[in-house]
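The structure under discussion appears below in the form of C-alpha cells.
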Amino acid sequence: MPNILSIILLALVQGITEFLPISSSGHLVLAQELFGLRIPGAGLEIALHAGTLVSILVFYRKDLVKLLRPLFESDTVAKAASWKRIGLLVVASVPIVVLGFALESQILFLFDIP
C-alpha cells in the first residue's frame, strides 16, 4: 500500500501533466518507476483520473450547463442546437475510440515497460 506522500506526489504529477499534449498516464508510470513506487492494480490510477474528471467538470460547469440546459426546456430550436453540438462532440470522439480499440494491445504493452 503506498503511503500518503506517494499518493500526493502522483496526484501532483497527474494534475500538472493532464493538460499537456502528452500522456499523463505515461507520466504516472514514469513517476512510479523513478520513485520506486509499487502500486498494485489500477485503483489508484482510476482515482487520480476520476479526480481529474471532477476538476474538469467543475472548471467547465458553466459551459456544460449552457450545453445541457436547453435539453430540459421547451424551446425546440435551442434544444435542437444543443443536440447538434452534443452529436458533433460524439462524432469528434469516434476516431480516437476506434484507434484506441485497434491499438489496445500495443498501447497496454507500452505501459509495462517504463
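FYI, nothing fancy with the C-alpha cells labels: chains A, B, ... in order, residues from 1 per chain, ligands from 1 as they appear.
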
Skip Ile46 (chain A) itself and residues of its chain fewer than 5 positions away, then list as a PyMOL selection string all residues within 12 Å of it, counting only C-alpha atoms. chain A and resi 10-11+14+25+28+39+41+51-53

Selected residues written out with N, CA and C atoms, as a PDB file, in the first residue's frame:
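Produced file again31.pdb, reproduced below:
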```pdb
ATOM      1  N   LEU A  10       1.951  11.453  -6.793  1.00  0.00           N
ATOM      2  CA  LEU A  10       1.321  11.007  -8.043  1.00  0.00           C
ATOM      3  C   LEU A  10       0.145  11.901  -8.426  1.00  0.00           C
ATOM      4  N   ALA A  11      -0.600  12.378  -7.442  1.00  0.00           N
ATOM      5  CA  ALA A  11      -1.710  13.301  -7.723  1.00  0.00           C
ATOM      6  C   ALA A  11      -1.186  14.597  -8.329  1.00  0.00           C
ATOM      7  N   GLN A  14      -0.183  13.865 -11.896  1.00  0.00           N
ATOM      8  CA  GLN A  14      -1.402  13.760 -12.701  1.00  0.00           C
ATOM      9  C   GLN A  14      -1.990  15.138 -12.981  1.00  0.00           C
ATOM     10  N   SER A  25      -0.983   9.539 -18.106  1.00  0.00           N
ATOM     11  CA  SER A  25      -0.851   8.156 -17.633  1.00  0.00           C
ATOM     12  C   SER A  25       0.592   7.690 -17.769  1.00  0.00           C
ATOM     13  N   LEU A  28       2.517   9.040 -14.965  1.00  0.00           N
ATOM     14  CA  LEU A  28       2.302   8.283 -13.732  1.00  0.00           C
ATOM     15  C   LEU A  28       3.181   7.037 -13.706  1.00  0.00           C
ATOM     16  N   ILE A  39       2.475   0.166  -6.996  1.00  0.00           N
ATOM     17  CA  ILE A  39       1.055   0.307  -6.705  1.00  0.00           C
ATOM     18  C   ILE A  39       0.321  -0.834  -7.391  1.00  0.00           C
ATOM     19  N   GLY A  41      -2.527  -3.074  -8.957  1.00  0.00           N
ATOM     20  CA  GLY A  41      -3.800  -2.802  -9.594  1.00  0.00           C
ATOM     21  C   GLY A  41      -3.885  -1.397 -10.157  1.00  0.00           C
ATOM     22  N   GLY A  51     -10.392  12.127 -10.162  1.00  0.00           N
ATOM     23  CA  GLY A  51     -10.174  13.468  -9.625  1.00  0.00           C
ATOM     24  C   GLY A  51     -10.000  14.489 -10.722  1.00  0.00           C
ATOM     25  N   THR A  52      -9.278  14.102 -11.774  1.00  0.00           N
ATOM     26  CA  THR A  52      -9.113  14.995 -12.924  1.00  0.00           C
ATOM     27  C   THR A  52     -10.459  15.264 -13.586  1.00  0.00           C
ATOM     28  N   LEU A  53     -11.275  14.216 -13.739  1.00  0.00           N
ATOM     29  CA  LEU A  53     -12.597  14.378 -14.345  1.00  0.00           C
ATOM     30  C   LEU A  53     -13.448  15.346 -13.532  1.00  0.00           C
TER      31      LEU A  53
END
```

Separation of CA of Val13 (chain A) from CA of Ala31 (chain A), in Å and rounded to one decimal: 7.6 Å

Separating CA of Gln32 (chain A) from CA of Gln106 (chain A), to the nearest tenth of an Å, is a gap of 20.6 Å
